[in-house]
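A.B. asks: Sharing data00.csv below, CSV, C-alpha atoms and all ligand atoms:
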chain,number,residue,atom,x,y,z
A,16,MET,CA,0.0,0.0,0.0
A,17,GLU,CA,1.1,3.5,-0.8
A,18,ARG,CA,2.6,5.4,2.1
A,19,THR,CA,2.3,9.2,2.1
A,20,GLU,CA,4.7,11.1,4.4
A,21,LEU,CA,3.1,13.6,6.7
A,22,GLU,CA,5.9,16.0,6.1
A,23,ASN,CA,4.8,16.3,2.5
A,24,LEU,CA,1.3,17.2,3.5
A,25,GLY,CA,2.0,19.6,6.4
A,26,GLU,CA,-0.4,20.2,9.2
A,27,PHE,CA,-3.0,22.0,7.2
A,28,GLY,CA,-2.8,19.5,4.3
A,29,LEU,CA,-3.4,16.7,6.8
A,30,ILE,CA,-6.4,18.4,8.3
A,31,LYS,CA,-7.8,19.0,4.8
A,32,ARG,CA,-7.3,15.3,3.9
A,33,LEU,CA,-8.9,14.1,7.1
A,34,SER,CA,-11.9,16.4,6.8
A,35,LYS,CA,-12.7,14.9,3.3
A,36,HIS,CA,-13.8,11.8,5.1
A,37,ILE,CA,-16.0,13.6,7.6
A,38,LYS,CA,-19.7,14.0,6.7
A,39,ASN,CA,-21.8,15.8,9.3
A,40,SER,CA,-25.4,14.8,9.5
A,41,ASN,CA,-26.8,16.8,12.4
A,42,PRO,CA,-28.8,19.7,11.2
A,43,THR,CA,-27.6,21.8,14.1
A,44,THR,CA,-24.0,21.7,12.7
A,45,VAL,CA,-23.8,25.1,11.0
A,46,LEU,CA,-20.0,24.9,10.4
A,47,GLY,CA,-17.6,22.1,11.2
A,48,ILE,CA,-13.9,22.0,10.4
A,49,GLY,CA,-12.2,25.0,8.8
A,50,ASP,CA,-12.6,28.0,11.0
A,51,ASP,CA,-11.3,29.1,14.4
A,52,ALA,CA,-14.3,27.4,16.1
A,53,ALA,CA,-17.1,25.2,15.1
A,54,VAL,CA,-20.6,26.8,15.0
A,55,ILE,CA,-23.6,24.9,16.4
A,56,ASP,CA,-27.2,26.1,16.3
A,57,ALA,CA,-28.4,26.3,19.9
A,58,GLY,CA,-31.8,27.7,19.1
A,59,ASP,CA,-31.7,31.5,19.9
A,60,TYR,CA,-27.9,31.8,19.4
A,61,TYR,CA,-24.9,29.8,18.1
A,62,THR,CA,-22.6,27.8,20.4
A,63,LEU,CA,-18.9,27.9,19.4
A,64,ILE,CA,-16.5,25.1,20.1
A,65,THR,CA,-12.7,25.0,19.8
A,66,THR,CA,-9.8,23.0,21.3
A,67,ASP,CA,-6.1,23.4,21.6
A,68,MET,CA,-3.5,20.9,22.8
A,69,LEU,CA,0.0,21.9,24.1
A,70,MET,CA,2.7,19.3,24.3
A,71,GLU,CA,5.8,19.5,26.5
A,72,GLY,CA,9.0,19.7,24.3
A,73,VAL,CA,6.9,20.9,21.3
A,74,HIS,CA,4.9,23.8,22.5
A,75,PHE,CA,6.5,24.6,25.8
A,76,ASP,CA,9.7,24.1,27.7
A,77,LEU,CA,9.4,23.8,31.5
A,78,SER,CA,12.9,25.0,32.0
A,79,TYR,CA,11.7,28.5,31.4
A,80,ALA,CA,7.9,28.4,31.2
A,81,PRO,CA,6.4,28.6,34.7
A,82,LEU,CA,3.5,26.1,35.0
A,83,LYS,CA,1.1,28.8,36.1
A,84,HIS,CA,1.8,30.8,33.0
A,85,LEU,CA,1.5,27.7,30.9
A,86,GLY,CA,-2.0,27.0,32.3
A,87,TYR,CA,-3.0,30.6,31.6
A,88,LYS,CA,-1.6,30.5,28.1
A,89,CYS,CA,-3.3,27.3,27.2
A,90,ALA,CA,-6.7,28.7,28.3
A,91,ILE,CA,-6.4,32.0,26.5
A,92,SER,CA,-5.3,30.4,23.3
A,93,ASN,CA,-8.7,28.8,23.2
A,94,PHE,CA,-10.5,32.0,24.2
A,95,SER,CA,-8.7,33.7,21.3
A,96,ASP,CA,-10.3,31.3,18.8
A,97,ILE,CA,-13.8,32.1,20.3
A,98,TYR,CA,-13.1,35.8,20.0
A,99,ALA,CA,-12.0,35.3,16.4
A,100,MET,CA,-15.6,34.2,15.7
A,101,ASN,CA,-16.8,37.5,17.3
A,102,GLY,CA,-18.1,35.4,20.2
A,103,LYS,CA,-17.7,35.2,24.0
A,104,PRO,CA,-16.2,32.2,25.7
A,105,THR,CA,-18.4,30.8,28.5
A,106,HIS,CA,-17.3,27.3,29.5
A,107,MET,CA,-14.2,25.1,29.2
A,108,VAL,CA,-13.1,21.5,29.9
A,109,VAL,CA,-9.5,20.8,30.8
A,110,SER,CA,-7.6,17.5,30.1
A,111,ILE,CA,-4.1,16.7,31.3
A,112,GLY,CA,-1.7,13.9,30.6
A,113,LEU,CA,1.1,13.6,33.2
A,114,SER,CA,3.5,11.4,35.0
A,115,ASN,CA,4.6,11.2,38.6
A,116,ARG,CA,7.6,13.4,37.7
A,117,PHE,CA,5.1,16.1,38.7
A,118,SER,CA,4.1,16.8,42.3
A,119,LEU,CA,0.6,17.8,43.4
A,120,GLU,CA,2.0,21.3,44.0
A,121,ALA,CA,3.2,21.5,40.5
A,122,ILE,CA,-0.2,20.5,39.0
A,123,GLU,CA,-1.9,23.0,41.4
A,124,GLU,CA,0.4,25.7,39.9
A,125,LEU,CA,-0.8,24.7,36.4
A,126,TYR,CA,-4.4,24.9,37.5
A,127,ALA,CA,-3.8,28.2,39.3
A,128,GLY,CA,-3.0,29.6,35.9
A,129,ILE,CA,-6.0,28.0,34.2
A,130,ILE,CA,-8.3,29.2,37.0
A,131,SER,CA,-6.9,32.7,36.9
A,132,ALA,CA,-7.6,32.9,33.1
A,133,ALA,CA,-11.1,31.5,33.7
A,134,GLU,CA,-11.7,34.3,36.2
A,135,VAL,CA,-10.3,37.1,34.1
A,136,TYR,CA,-12.3,36.1,31.1
A,137,GLY,CA,-15.5,35.0,32.9
A,138,VAL,CA,-15.3,31.4,31.8
A,139,ASP,CA,-16.5,28.4,33.9
A,140,ILE,CA,-14.4,25.2,34.1
A,141,VAL,CA,-16.9,22.4,33.9
A,142,GLY,CA,-14.9,19.2,33.5
A,143,GLY,CA,-12.0,17.5,31.8
A,144,ASP,CA,-10.0,14.3,31.9
A,145,THR,CA,-6.8,13.1,33.6
A,146,VAL,CA,-4.6,10.4,32.1
A,147,SER,CA,-1.0,9.3,32.5
A,148,SER,CA,1.6,10.3,29.9
A,149,LYS,CA,4.9,8.7,29.1
A,150,SER,CA,6.0,11.6,26.9
A,151,GLY,CA,5.9,14.6,29.1
A,152,LEU,CA,3.1,16.9,30.1
A,153,VAL,CA,0.1,17.4,27.8
A,154,VAL,CA,-2.5,20.0,28.4
A,155,ASN,CA,-5.6,20.0,26.2
A,156,ILE,CA,-8.4,22.6,26.7
A,157,ALA,CA,-11.7,22.8,24.8
A,158,ALA,CA,-13.6,26.1,25.1
A,159,TYR,CA,-17.2,26.7,24.4
A,160,GLY,CA,-18.7,30.1,23.7
A,161,LYS,CA,-21.8,31.8,22.3
A,162,VAL,CA,-22.5,34.4,19.7
A,163,ASP,CA,-25.7,36.0,18.4
A,164,LYS,CA,-26.6,34.5,15.1
A,165,ASP,CA,-26.4,37.8,13.2
A,166,LYS,CA,-23.0,38.6,14.8
A,167,VAL,CA,-20.9,35.5,14.0
A,168,VAL,CA,-17.9,36.3,11.8
A,169,TYR,CA,-16.2,33.6,9.7
A,170,ARG,CA,-12.8,33.4,7.9
A,171,SER,CA,-14.7,33.3,4.7
A,172,GLY,CA,-16.5,36.6,4.4
A,173,ALA,CA,-13.8,38.9,3.0
A,174,LYS,CA,-14.8,40.9,-0.1
A,175,ASP,CA,-13.0,42.7,-2.8
A,176,LYS,CA,-11.5,46.1,-1.5
A,177,ASP,CA,-12.3,45.3,2.1
A,178,LEU,CA,-9.7,46.8,4.5
A,179,LEU,CA,-7.3,44.4,6.3
A,180,VAL,CA,-6.9,45.3,10.0
A,181,VAL,CA,-4.9,43.9,12.8
A,182,SER,CA,-5.1,44.6,16.6
A,183,GLY,CA,-2.1,45.3,18.8
A,184,ASP,CA,1.4,44.6,17.5
A,185,LEU,CA,3.2,41.5,16.2
A,186,GLY,CA,6.4,39.5,16.5
A,187,GLY,CA,6.7,40.1,20.3
A,188,ALA,CA,6.0,36.5,21.4
A,189,TYR,CA,8.5,35.2,18.9
A,190,MET,CA,11.2,37.5,20.1
A,191,GLY,CA,10.4,36.7,23.7
A,192,LEU,CA,11.0,33.0,22.8
A,193,GLN,CA,14.4,33.9,21.2
A,194,ILE,CA,15.5,35.6,24.5
A,195,LEU,CA,14.4,32.6,26.6
A,196,GLU,CA,16.1,30.1,24.3
A,197,ARG,CA,19.3,32.1,24.3
A,198,GLU,CA,19.4,32.4,28.0
A,199,LYS,CA,18.7,28.6,28.3
A,200,ALA,CA,21.6,27.9,26.0
A,201,VAL,CA,23.9,30.1,28.0
A,202,PHE,CA,22.8,28.5,31.3
A,203,GLU,CA,23.3,25.0,29.8
A,204,SER,CA,26.9,25.8,28.7
A,205,THR,CA,27.8,27.7,31.9
A,206,PRO,CA,25.7,26.5,34.8
A,207,GLY,CA,25.2,29.0,37.6
A,208,VAL,CA,25.0,32.0,35.3
A,209,GLN,CA,21.9,34.0,36.0
A,210,PRO,CA,19.7,34.6,32.9
A,211,ASP,CA,20.0,38.1,31.5
A,212,LEU,CA,16.4,39.1,30.9
A,213,GLU,CA,16.8,42.8,31.7
A,214,GLY,CA,14.9,45.2,29.6
A,215,HIS,CA,12.8,42.6,27.8
A,216,ASP,CA,9.7,42.7,30.0
A,217,TYR,CA,7.3,43.4,27.1
A,218,ILE,CA,8.4,40.6,24.8
A,219,LEU,CA,8.8,38.1,27.6
A,220,GLU,CA,5.3,38.8,28.7
A,221,ARG,CA,4.1,38.4,25.1
A,222,GLN,CA,5.6,35.0,25.1
A,223,LEU,CA,4.9,33.8,28.6
A,224,LYS,CA,1.7,35.5,29.6
A,225,PRO,CA,-0.2,36.5,26.5
A,226,GLU,CA,-3.8,37.8,26.6
A,227,ALA,CA,-6.7,37.1,24.2
A,228,ARG,CA,-8.4,40.2,22.7
A,229,LYS,CA,-11.7,40.2,24.5
A,230,ASP,CA,-11.5,44.0,24.4
A,231,VAL,CA,-11.3,44.0,20.6
A,232,VAL,CA,-14.6,42.2,20.2
A,233,GLU,CA,-16.2,44.5,22.8
A,234,ILE,CA,-14.8,47.7,21.1
A,235,LEU,CA,-16.0,46.5,17.6
A,236,ALA,CA,-19.5,46.0,19.1
A,237,GLN,CA,-19.4,49.5,20.7
A,238,LEU,CA,-18.3,51.1,17.4
A,239,GLY,CA,-21.0,49.2,15.5
A,240,VAL,CA,-18.5,47.5,13.3
A,241,LYS,CA,-19.0,43.9,12.3
A,242,PRO,CA,-15.9,42.6,10.5
A,243,THR,CA,-16.6,40.8,7.2
A,244,SER,CA,-14.0,38.1,8.2
A,245,MET,CA,-11.8,37.4,11.1
A,246,ILE,CA,-9.1,35.0,12.4
A,247,ASP,CA,-6.8,35.0,15.4
A,248,ILE,CA,-3.0,35.2,14.9
A,249,SER,CA,-1.6,32.1,16.5
A,250,ASP,CA,0.7,31.0,13.7
A,251,GLY,CA,2.1,34.3,12.3
A,252,LEU,CA,0.5,37.0,10.2
A,253,ALA,CA,1.5,35.5,6.8
A,254,SER,CA,-0.2,32.2,7.6
A,255,GLU,CA,-3.4,33.9,8.9
A,256,VAL,CA,-3.7,36.2,5.9
A,257,LEU,CA,-3.4,33.2,3.6
A,258,HIS,CA,-6.1,31.4,5.6
A,259,LEU,CA,-8.5,34.3,5.3
A,260,CYS,CA,-7.8,34.7,1.6
A,261,ASP,CA,-8.1,31.0,1.0
A,262,SER,CA,-11.4,30.7,2.9
A,263,SER,CA,-12.8,33.9,1.3
A,264,ALA,CA,-11.5,33.0,-2.2
A,265,VAL,CA,-9.8,36.3,-2.6
A,266,GLY,CA,-6.3,37.8,-2.7
A,267,ALA,CA,-4.8,40.6,-0.6
A,268,HIS,CA,-2.2,43.3,-0.6
A,269,LEU,CA,-0.3,43.5,2.6
A,270,TYR,CA,2.1,46.5,3.1
A,271,GLU,CA,5.3,45.7,5.0
A,272,GLU,CA,5.6,49.3,6.2
A,273,LYS,CA,2.2,49.2,7.9
A,274,ILE,CA,2.8,46.0,9.9
A,275,PRO,CA,2.7,47.1,13.6
A,276,ILE,CA,5.8,46.1,15.4
A,277,ASP,CA,6.8,47.4,18.9
A,278,PRO,CA,10.1,49.2,19.1
A,279,THR,CA,11.4,46.7,21.6
A,280,VAL,CA,10.7,43.9,19.1
A,281,VAL,CA,12.6,45.7,16.5
A,282,SER,CA,15.6,46.2,18.8
A,283,ALA,CA,15.6,42.6,20.0
A,284,ALA,CA,15.3,41.3,16.4
A,285,THR,CA,18.2,43.5,15.4
A,286,ASP,CA,20.3,42.1,18.3
A,287,PHE,CA,19.6,38.6,16.9
A,288,ASN,CA,20.3,39.6,13.4
A,289,LEU,CA,16.7,38.9,12.4
A,290,ASP,CA,14.4,41.0,10.2
A,291,PRO,CA,11.5,42.3,12.4
A,292,THR,CA,9.1,41.9,9.5
A,293,ILE,CA,9.9,38.2,9.2
A,294,CYS,CA,9.4,37.8,12.9
A,295,ALA,CA,5.9,39.4,12.6
A,296,LEU,CA,5.0,37.4,9.5
A,297,ASN,CA,6.3,34.0,10.6
A,298,GLY,CA,6.6,34.2,14.4
A,299,GLY,CA,3.6,32.8,16.2
A,300,GLU,CA,1.6,33.1,19.4
A,301,ASP,CA,0.8,36.8,19.3
A,302,TYR,CA,-3.0,36.1,19.8
A,303,GLU,CA,-4.0,39.3,18.1
A,304,LEU,CA,-7.0,39.4,15.8
A,305,LEU,CA,-6.8,39.9,12.1
A,306,PHE,CA,-10.0,41.0,10.3
A,307,THR,CA,-11.4,42.7,7.3
A,308,ILE,CA,-14.0,45.5,7.3
A,309,ALA,CA,-16.0,47.1,4.6
A,310,GLN,CA,-14.6,50.4,3.4
A,311,SER,CA,-17.7,52.1,4.7
A,312,ASP,CA,-16.6,51.3,8.2
A,313,TYR,CA,-13.2,53.0,7.8
A,314,GLU,CA,-14.1,56.2,9.6
A,315,LYS,CA,-15.3,54.2,12.7
A,316,LEU,CA,-11.9,52.6,13.2
A,317,LYS,CA,-9.6,55.3,11.9
A,318,GLY,CA,-7.2,56.6,14.5
A,319,ASN,CA,-8.2,54.0,17.1
A,320,PRO,CA,-4.9,53.0,18.9
A,321,HIS,CA,-5.9,49.4,19.1
A,322,PHE,CA,-6.0,48.9,15.3
A,323,THR,CA,-3.7,49.2,12.4
A,324,PHE,CA,-4.8,49.1,8.7
A,325,ILE,CA,-2.2,46.9,7.0
A,326,GLY,CA,-3.7,46.4,3.6
A,327,HIS,CA,-6.7,45.5,1.6
A,328,ILE,CA,-8.4,42.6,-0.2
A,329,GLU,CA,-7.8,42.2,-3.9
A,330,GLU,CA,-10.0,39.8,-5.7
A,331,GLY,CA,-8.4,37.8,-8.5
A,332,SER,CA,-4.8,38.4,-7.3
A,333,SER,CA,-2.8,36.1,-5.1
A,334,PRO,CA,-1.9,37.3,-1.5
A,335,THR,CA,0.9,39.7,-2.0
A,336,LEU,CA,3.4,41.4,0.3
A,337,VAL,CA,4.4,44.9,-0.8
A,338,ALA,CA,7.8,45.5,0.6
A,339,ARG,CA,9.1,48.9,1.9
A,340,ASP,CA,10.8,49.5,-1.5
A,341,GLY,CA,7.5,49.0,-3.3
A,342,THR,CA,8.4,45.6,-4.8
A,343,ALA,CA,5.7,43.0,-4.7
A,344,HIS,CA,6.3,39.4,-3.3
A,345,GLU,CA,4.1,36.4,-3.2
A,346,LEU,CA,3.1,36.0,0.4
A,347,LYS,CA,4.2,32.6,1.8
A,348,ALA,CA,3.7,31.2,5.2
A,349,GLN,CA,6.2,29.4,7.3
A,350,GLY,CA,4.1,29.5,10.5
A,351,TRP,CA,4.2,26.6,12.8
A,352,ASP,CA,3.7,23.6,10.6
A,353,ALA,CA,3.6,20.7,13.0
A,354,PHE,CA,5.4,18.2,10.8
A,355,LEU,CA,8.0,20.5,9.2
A,356,GLU,CA,9.6,21.7,12.4
A,357,LYS,CA,11.2,20.0,15.3
A,358,LYS,CA,9.9,22.6,17.7
A,359,LYS,CA,8.0,25.8,17.9
A,360,GLY,CA,10.4,28.6,17.6
A,361,ASP,CA,12.8,26.9,15.3
A,362,SER,CA,11.2,28.3,12.2
A,363,GLU,CA,13.1,31.6,12.3
A,364,THR,CA,14.8,33.5,9.6
A,365,ASP,CA,14.5,31.4,6.5
A,366,SER,CA,13.2,34.4,4.6
A,367,GLN,CA,9.9,33.7,3.0
A,368,VAL,CA,8.6,37.1,2.1
A,401,LIG,P1,-6.5,27.3,15.1
A,401,LIG,O1,-5.1,27.6,14.7
A,401,LIG,O2,-7.5,28.4,14.9
A,401,LIG,O3,-6.6,26.6,16.4
A,401,LIG,P2,-6.2,24.9,13.5
A,401,LIG,O4,-5.3,25.4,12.5
A,401,LIG,O5,-5.6,24.2,14.7
A,401,LIG,O6,-7.0,26.2,14.0
A,401,LIG,O7,-7.3,24.1,12.9
A,401,LIG,C1,-8.0,24.5,11.7
A,401,LIG,C2,-9.3,23.7,11.7
A,401,LIG,O8,-9.1,22.3,11.6
A,401,LIG,C3,-10.2,23.9,12.8
A,401,LIG,O9,-11.6,24.0,12.4
A,401,LIG,C4,-10.0,22.7,13.7
A,401,LIG,O10,-11.1,22.4,14.5
A,401,LIG,C5,-9.8,21.6,12.6
A,401,LIG,N1,-8.9,20.5,13.1
A,401,LIG,C6,-7.6,20.5,13.5
A,401,LIG,N2,-7.2,19.3,13.8
A,401,LIG,C7,-8.2,18.4,13.6
A,401,LIG,C8,-8.4,17.0,13.7
A,401,LIG,N3,-7.4,16.3,14.1
A,401,LIG,N4,-9.6,16.5,13.3
A,401,LIG,C9,-10.6,17.3,12.9
A,401,LIG,N5,-10.5,18.6,12.8
A,401,LIG,C10,-9.3,19.2,13.1
A,402,MG,MG,-7.4,30.4,15.5
If you convert what's in this file into structure tokens, what do you get?
C.D. replies:
Amino acid sequence: MERTELENLGEFGLIKRLSKHIKNSNPTTVLGIGDDAAVIDAGDYYTLITTDMLMEGVHFDLSYAPLKHLGYKCAISNFSDIYAMNGKPTHMVVSIGLSNRFSLEAIEELYAGIISAAEVYGVDIVGGDTVSSKSGLVVNIAAYGKVDKDKVVYRSGAKDKDLLVVSGDLGGAYMGLQILEREKAVFESTPGVQPDLEGHDYILERQLKPEARKDVVEILAQLGVKPTSMIDISDGLASEVLHLCDSSAVGAHLYEEKIPIDPTVVSAATDFNLDPTICALNGGEDYELLFTIAQSDYEKLKGNPHFTFIGHIEEGSSPTLVARDGTAHELKAQGWDAFLEKKKGDSETDSQV
């Protein structure tokens, strides 16, 4: 029998292949695989469902990620997917795989982080599962949320000439990871040396204790703006622009000079000899929201410090990055493709713009 290597498919190729065999028959399934969360008809509103799994040695390294922060991050990465549907997370179930390498106190630390996120975002923890693991700690959270039927936003709604908008700034989580990896390497080669994390508070926080953009969904509602499409940025801007374009069957022009990057990210990237634009495009875990709006909503968002206009949708063209010098490049994603990389954070500089 033929054997297809997963590395030739990639993560998204695999999901596409698997979803071919899945036929949903329940009339309440409004949308299954393919967006940030599934959409289920709950009568008066839609229920949203999403799940994320974090594996030790792949998604986190306990030599620098405190368990409490890890729990917090795993929870908010799920909430972020609910916000990306313009919804509100309400409930979650938490499953863990672990060995007796961990003490009760350690697992309580992990839970303290999950509980803290649940409190901050107003989400109830209503169950889960506990199993033993022989390959390190595994944390899997599934979050449920709700959204009014007329408010749900999919990846697939972007229209020609819509404006491409992003919240916050990008590349910080990736640069935070570079600092942590560097200090780990120094510590391993010279035990006893204290890590030098001075002056990197912002990017370390972006990596270790990110937040989901609850506020963005609230601000958009207050401003009376319903995005035409939306996705959260967990795998890097380039990957998410491609997903939006693919789902909406459109192209886009993304302007390098418009991509919001914090000055501390630029200076850290420069120290590492990395191009800050590449960090924003291909680095992951920023948990910002990327969305499109109709041009008629431009005035409502213009000048708002939470948002940056980074480009527009172009039907009939392929997704394009317009560099600072005006040259156009086909947008390619490196992102975090599960089967192409040993480890999150190893993707780095292999310039793909
Ligand atoms: P996100 O980055 O927003 O969490 P993913 O890229 O992980 O989304 O997943 C994309 C889509 O594929 C989602 O709809 C998700 O539910 C679905 N998906 C991912 N893995 C599987 C799987 N093993 N089986 C079925 N659906 C999956
Ligand atoms: Mg997502």
A.B. asks: When you draw a straight line from atom CA of A:Glu198 to atom CA of A:Ile129, how long is it in Å?
C.D. replies: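 That distance, rounded to one decimal, is 26.5 Å.
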A.B. asks: Using all atoms listed in the file, which residues sit within 9 Å of stretch 172-177 of chain A once same-chain residues fewer than 4 positions away are excluded, as a PyMOL selection string?
C.D. replies: chain A and resi 168+242-245+259-260+262-267+306-310+326-331
A.B. asks: All residues within 7 Å of ligand LIG 401 (chain A) are required, counting only C-alpha atoms and all ligand atoms; please report them as a list in words.
C.D. replies: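 Checked against 7 Å with only C-alpha atoms and all ligand atoms; the hits are Phe27, Ile30, Leu33, Ser34, Gly47, Ile48, Gly49, Asp50, Asp51, Ala52, Ala53, Thr65, Thr66, Asp67, Asp96, Asp247, Ser249 and Asp250 of chain A.
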A.B. asks: Which residues come within 10 Å of A:Glu226, counting only C-alpha atoms, excluding same-chain residues fewer than 5 positions away, as an mmCIF file with C-alpha atoms, keeping the file's coordinate frame?
C.D. replies:
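part02.cif was written with the following content:
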data_model
loop_
_atom_site.group_PDB
_atom_site.id
_atom_site.type_symbol
_atom_site.label_atom_id
_atom_site.label_comp_id
_atom_site.auth_asym_id
_atom_site.auth_seq_id
_atom_site.Cartn_x
_atom_site.Cartn_y
_atom_site.Cartn_z
ATOM 1 C CA TYR A 87 -3.000 30.600 31.600
ATOM 2 C CA LYS A 88 -1.600 30.500 28.100
ATOM 3 C CA ALA A 90 -6.700 28.700 28.300
ATOM 4 C CA ILE A 91 -6.400 32.000 26.500
ATOM 5 C CA SER A 92 -5.300 30.400 23.300
ATOM 6 C CA PHE A 94 -10.500 32.000 24.200
ATOM 7 C CA SER A 95 -8.700 33.700 21.300
ATOM 8 C CA ALA A 132 -7.600 32.900 33.100
ATOM 9 C CA VAL A 135 -10.300 37.100 34.100
ATOM 10 C CA TYR A 136 -12.300 36.100 31.100
ATOM 11 C CA GLU A 220 5.300 38.800 28.700
ATOM 12 C CA ARG A 221 4.100 38.400 25.100
ATOM 13 C CA ASP A 301 0.800 36.800 19.300
ATOM 14 C CA TYR A 302 -3.000 36.100 19.800
ATOM 15 C CA GLU A 303 -4.000 39.300 18.100
#
A.B. asks: Please provide as a list of chain:residue names all residues within 8 Å of A:Ile130, with the sequence filter that same-chain residues fewer than 4 positions apart are discarded (counting only C-alpha atoms).
C.D. replies: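 Once the adjacent positions are removed, what remains is A:Tyr87, A:Tyr126, A:Glu134, A:Ile140.
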A.B. asks: Could you tell me how far atom CA of A:Ser118 sits from atom CA of A:Thr205, in Å to one decimal place?
C.D. replies: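 Atom-to-atom, atom CA of A:Thr205 to atom CA of A:Ser118, that is 28.1 Å.
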A.B. asks: Check the smallest atom-to-atom distance from each of A:Lys315, A:Arg170, A:His268, A:Lys229 to ligand MG 402 (chain A) using all atoms listed in the file, then report the winner.
C.D. replies: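 The shortest atom-to-atom distance to ligand MG 402 (chain A) comes from A:Arg170.
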A.B. asks: Using all atoms listed in the file, determine which residues lie at most 12 Å from A:Ala295, disregarding the query and same-chain residues fewer than 4 positions distant; provide the list as number ranges by chain.
C.D. replies: A: 181, 183-190, 248-255, 271-277, 280-281, 284, 289-291, 299-303, 348-350, 363-364, 366-368
A.B. asks: For a quick check of understanding, using all atoms listed in the file, which of A:Ile97, A:Val54, A:Val154, A:Met16 has the smallest distance to ligand MG 402 (chain A)?
C.D. replies: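 Residue with the minimum atom-to-atom distance to ligand MG 402 (chain A): A:Ile97.
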A.B. asks: Tell me, in Å to one decimal, how far atom MG of ligand MG 402 (chain A) is from atom CA of A:Asn93.
C.D. replies: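 So the two atoms, atom MG of ligand MG 402 (chain A) and atom CA of A:Asn93, lie 8.0 Å apart.
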A.B. asks: Excluding A:Leu63 and any residue of its chain fewer than 3 positions from it, enumerate the residues within 10 Å of it, using all atoms listed in the file, and give them as a list in words.
C.D. replies: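 Close residues of A:Leu63: Leu46, Asp51, Ala52, Ala53, Val54, Ile55, Asp56, Ala57, Tyr60, Asp96, Ile97, Tyr98, Met100, Gly102, Lys103, Pro104, Thr105, Ala158, Tyr159, Gly160, Lys161, Val162 and Val167 of chain A.
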A.B. asks: Keeping N, CA and C atoms (and nothing else), can you write stretch 242-257 of chain A of this structure as a short mmCIF file (atom, residue, chain, number, x, y, z; two decimals), in the first residue's frame?
C.D. replies:
data_model
loop_
_atom_site.label_atom_id
_atom_site.label_comp_id
_atom_site.auth_asym_id
_atom_site.auth_seq_id
_atom_site.Cartn_x
_atom_site.Cartn_y
_atom_site.Cartn_z
N PRO A 242 -16.89 42.92 11.53
CA PRO A 242 -15.92 42.56 10.49
C PRO A 242 -16.56 41.66 9.45
N THR A 243 -16.04 41.72 8.22
CA THR A 243 -16.57 40.83 7.19
C THR A 243 -15.92 39.44 7.30
N SER A 244 -14.70 39.40 7.89
CA SER A 244 -14.05 38.11 8.15
C SER A 244 -13.09 38.32 9.31
N MET A 245 -12.75 37.24 9.98
CA MET A 245 -11.81 37.39 11.12
C MET A 245 -11.13 36.05 11.41
N ILE A 246 -9.91 36.15 11.98
CA ILE A 246 -9.11 34.98 12.38
C ILE A 246 -8.18 35.45 13.49
N ASP A 247 -7.79 34.56 14.38
CA ASP A 247 -6.80 35.02 15.37
C ASP A 247 -5.40 34.65 14.88
N ILE A 248 -4.42 35.41 15.38
CA ILE A 248 -3.05 35.22 14.89
C ILE A 248 -2.28 34.34 15.86
N SER A 249 -2.36 33.03 15.63
CA SER A 249 -1.60 32.11 16.48
C SER A 249 -0.37 31.58 15.75
N ASP A 250 -0.41 31.58 14.42
CA ASP A 250 0.70 30.99 13.65
C ASP A 250 1.51 32.00 12.85
N GLY A 251 1.35 33.29 13.11
CA GLY A 251 2.09 34.29 12.32
C GLY A 251 1.16 34.97 11.31
N LEU A 252 1.40 36.24 11.08
CA LEU A 252 0.52 37.04 10.21
C LEU A 252 0.38 36.44 8.81
N ALA A 253 1.50 35.99 8.23
CA ALA A 253 1.45 35.49 6.84
C ALA A 253 0.50 34.31 6.73
N SER A 254 0.64 33.35 7.64
CA SER A 254 -0.19 32.16 7.62
C SER A 254 -1.67 32.54 7.74
N GLU A 255 -1.98 33.52 8.61
CA GLU A 255 -3.38 33.86 8.86
C GLU A 255 -3.97 34.65 7.69
N VAL A 256 -3.17 35.52 7.06
CA VAL A 256 -3.66 36.23 5.87
C VAL A 256 -3.99 35.19 4.79
N LEU A 257 -3.13 34.20 4.65
CA LEU A 257 -3.37 33.16 3.64
C LEU A 257 -4.64 32.37 3.95
#
